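Containing mmCIF, C-alpha atoms, pLDDT in the B column; chains and numbers go by the auth columns: input-v1.cif.
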```cif
data_model
#
loop_
_atom_site.group_PDB
_atom_site.id
_atom_site.type_symbol
_atom_site.label_atom_id
_atom_site.label_comp_id
_atom_site.label_asym_id
_atom_site.label_seq_id
_atom_site.Cartn_x
_atom_site.Cartn_y
_atom_site.Cartn_z
_atom_site.B_iso_or_equiv
_atom_site.auth_seq_id
_atom_site.auth_asym_id
ATOM 1 C CA MET A 1 0.000 0.000 0.000 48.00 4 F
ATOM 2 C CA ALA A 2 1.433 3.368 -1.007 52.00 5 F
ATOM 3 C CA ALA A 3 1.908 6.160 1.486 52.00 6 F
ATOM 4 C CA ASN A 4 -0.397 9.155 1.233 53.00 7 F
ATOM 5 C CA THR A 5 1.030 12.242 -0.378 54.00 8 F
ATOM 6 C CA THR A 6 0.362 15.652 1.135 54.00 9 F
ATOM 7 C CA ASP A 7 -2.419 16.339 -1.378 58.00 10 F
ATOM 8 C CA GLU A 8 -4.104 13.009 -0.626 54.00 11 F
ATOM 9 C CA HIS A 9 -3.806 13.676 3.101 48.00 12 F
ATOM 10 C CA GLU A 10 -5.353 17.139 2.691 54.00 13 F
ATOM 11 C CA THR A 11 -8.200 15.638 0.644 53.00 14 F
ATOM 12 C CA ASP A 12 -8.828 12.972 3.292 52.00 15 F
ATOM 13 C CA ARG A 13 -8.853 15.612 6.026 62.00 16 F
ATOM 14 C CA SER A 14 -11.090 17.870 3.941 83.00 17 F
ATOM 15 C CA LEU A 15 -13.578 15.063 3.296 85.00 18 F
ATOM 16 C CA GLY A 16 -13.603 14.209 6.990 88.00 19 F
ATOM 17 C CA ASN A 17 -14.215 17.825 7.937 90.00 20 F
ATOM 18 C CA PHE A 18 -16.999 18.120 5.362 93.00 21 F
ATOM 19 C CA ALA A 19 -18.661 14.970 6.714 95.00 22 F
ATOM 20 C CA ALA A 20 -18.387 16.300 10.271 96.00 23 F
ATOM 21 C CA LEU A 21 -19.849 19.625 9.132 97.00 24 F
ATOM 22 C CA LYS A 22 -22.819 17.838 7.536 97.00 25 F
ATOM 23 C CA THR A 23 -23.370 15.893 10.763 97.00 26 F
ATOM 24 C CA SER A 24 -23.265 19.103 12.806 98.00 27 F
ATOM 25 C CA ILE A 25 -25.855 20.664 10.498 98.00 28 F
ATOM 26 C CA ALA A 26 -28.115 17.608 10.712 96.00 29 F
ATOM 27 C CA ASN A 27 -27.818 17.667 14.516 97.00 30 F
ATOM 28 C CA GLY A 28 -28.652 21.387 14.641 97.00 31 F
ATOM 29 C CA ASP A 29 -25.395 22.207 16.446 98.00 32 F
ATOM 30 C CA VAL A 30 -24.952 25.895 15.602 98.00 33 F
ATOM 31 C CA ALA A 31 -21.805 26.328 17.710 98.00 34 F
ATOM 32 C CA GLU A 32 -20.087 23.384 16.011 97.00 35 F
ATOM 33 C CA VAL A 33 -21.041 24.634 12.538 98.00 36 F
ATOM 34 C CA LYS A 34 -19.628 28.072 13.391 97.00 37 F
ATOM 35 C CA ALA A 35 -16.418 26.508 14.712 96.00 38 F
ATOM 36 C CA ARG A 36 -15.949 24.316 11.625 95.00 39 F
ATOM 37 C CA LEU A 37 -16.556 27.207 9.211 95.00 40 F
ATOM 38 C CA ASN A 38 -14.525 29.801 11.126 94.00 41 F
ATOM 39 C CA GLY A 39 -11.819 31.157 8.818 91.00 42 F
ATOM 40 C CA LYS A 40 -12.829 28.818 5.994 91.00 43 F
ATOM 41 C CA SER A 41 -14.295 29.381 2.557 92.00 44 F
ATOM 42 C CA LEU A 42 -16.511 27.058 0.547 93.00 45 F
ATOM 43 C CA ASP A 43 -16.825 26.579 -3.166 92.00 46 F
ATOM 44 C CA LYS A 44 -20.270 27.405 -4.573 96.00 47 F
ATOM 45 C CA LEU A 45 -21.394 23.791 -4.939 95.00 48 F
ATOM 46 C CA GLU A 46 -20.435 22.911 -1.342 94.00 49 F
ATOM 47 C CA LYS A 47 -22.061 26.054 0.002 96.00 50 F
ATOM 48 C CA ASP A 48 -25.316 25.488 -1.897 97.00 51 F
ATOM 49 C CA TYR A 49 -25.433 21.862 -0.740 97.00 52 F
ATOM 50 C CA LEU A 50 -24.894 22.815 2.908 97.00 53 F
ATOM 51 C CA ILE A 51 -27.526 25.562 2.714 98.00 54 F
ATOM 52 C CA ASP A 52 -30.028 23.050 1.307 98.00 55 F
ATOM 53 C CA LEU A 53 -29.155 20.595 4.075 97.00 56 F
ATOM 54 C CA ALA A 54 -29.610 23.276 6.743 98.00 57 F
ATOM 55 C CA ARG A 55 -32.956 24.311 5.245 98.00 58 F
ATOM 56 C CA LEU A 56 -34.110 20.689 5.281 96.00 59 F
ATOM 57 C CA SER A 57 -33.187 20.478 8.962 94.00 60 F
ATOM 58 C CA GLY A 58 -35.268 23.608 9.574 95.00 61 F
ATOM 59 C CA ASN A 59 -32.541 25.616 11.279 95.00 62 F
ATOM 60 C CA SER A 60 -32.508 29.178 9.951 97.00 63 F
ATOM 61 C CA GLU A 61 -29.602 30.185 12.210 98.00 64 F
ATOM 62 C CA ILE A 62 -27.357 27.580 10.585 98.00 65 F
ATOM 63 C CA VAL A 63 -28.545 28.738 7.142 98.00 66 F
ATOM 64 C CA ASP A 64 -27.457 32.277 8.083 98.00 67 F
ATOM 65 C CA VAL A 65 -24.044 31.044 9.273 98.00 68 F
ATOM 66 C CA ILE A 66 -23.430 29.155 6.026 98.00 69 F
ATOM 67 C CA GLU A 67 -24.662 32.028 3.863 98.00 70 F
ATOM 68 C CA ALA A 68 -22.206 34.335 5.658 97.00 71 F
ATOM 69 C CA THR A 69 -19.287 32.013 4.830 96.00 72 F
ATOM 70 C CA PRO A 70 -17.207 33.358 1.920 95.00 73 F
ATOM 71 C CA GLU A 71 -17.000 31.478 -1.374 94.00 74 F
ATOM 72 C CA SER A 72 -13.648 30.392 -2.743 88.00 75 F
#
```
As structure tokens, the full file:
Amino acid sequence: MAANTTDEHETDRSLGNFAALKTSIANGDVAEVKARLNGKSLDKLEKDYLIDLARLSGNSEIVDVIEATPES
């Protein structure tokens, strides 16, 4: 098995963070969502997906947090 390169490691970490962010949204954990998005930017597709997920969970505060996150 080959060792992970830095790019692969970053992708793995990024996917893990994205999964944790989705879980936080589904759980309605506003503080965790804020902490995970603090200082981060999202590409448009990710941002739109997370906004839809937050709307489905019925949490307008999380929607506002995601909408305030800059796009990359």
Residue with the minimum atom-to-atom distance to F:Asp67, picked from F:Leu53, F:Ala38, F:Leu45, F:Ala29 with all atoms listed in the file counted, is F:Leu53
From the list F:Ala22, F:Ile28, F:Ile69, F:Ala34, the nearest residue to F:Leu56 using only C-alpha atoms is F:Ile28
Evaluate the PyMOL selection byres ((chain F and resi 66) around 12) and report residues as a compact mmCIF listing (two decimals) with C-alpha atoms, keeping the file's coordinate frame:
```txt
# COMPACT_ATOMS: atom_id res chain seq x y z
CA ILE F 28 -25.86 20.66 10.50
CA ALA F 29 -28.12 17.61 10.71
CA GLY F 31 -28.65 21.39 14.64
CA ASP F 32 -25.40 22.21 16.45
CA VAL F 33 -24.95 25.90 15.60
CA VAL F 36 -21.04 24.63 12.54
CA LYS F 37 -19.63 28.07 13.39
CA LYS F 50 -22.06 26.05 0.00
CA ASP F 51 -25.32 25.49 -1.90
CA TYR F 52 -25.43 21.86 -0.74
CA LEU F 53 -24.89 22.82 2.91
CA ILE F 54 -27.53 25.56 2.71
CA ASP F 55 -30.03 23.05 1.31
CA LEU F 56 -29.16 20.60 4.08
CA ALA F 57 -29.61 23.28 6.74
CA ARG F 58 -32.96 24.31 5.24
CA LEU F 59 -34.11 20.69 5.28
CA SER F 60 -33.19 20.48 8.96
CA GLY F 61 -35.27 23.61 9.57
CA ASN F 62 -32.54 25.62 11.28
CA SER F 63 -32.51 29.18 9.95
CA GLU F 64 -29.60 30.18 12.21
CA ILE F 65 -27.36 27.58 10.58
CA ASP F 67 -27.46 32.28 8.08
CA VAL F 68 -24.04 31.04 9.27
CA ILE F 69 -23.43 29.16 6.03
CA GLU F 70 -24.66 32.03 3.86
CA ALA F 71 -22.21 34.34 5.66
CA THR F 72 -19.29 32.01 4.83
```
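For the choices F:Asn30, F:Ser17, F:Ala23, F:Leu40, the atom-to-atom distance to F:Glu74 is smallest for F:Leu40 when using all atoms listed in the file.
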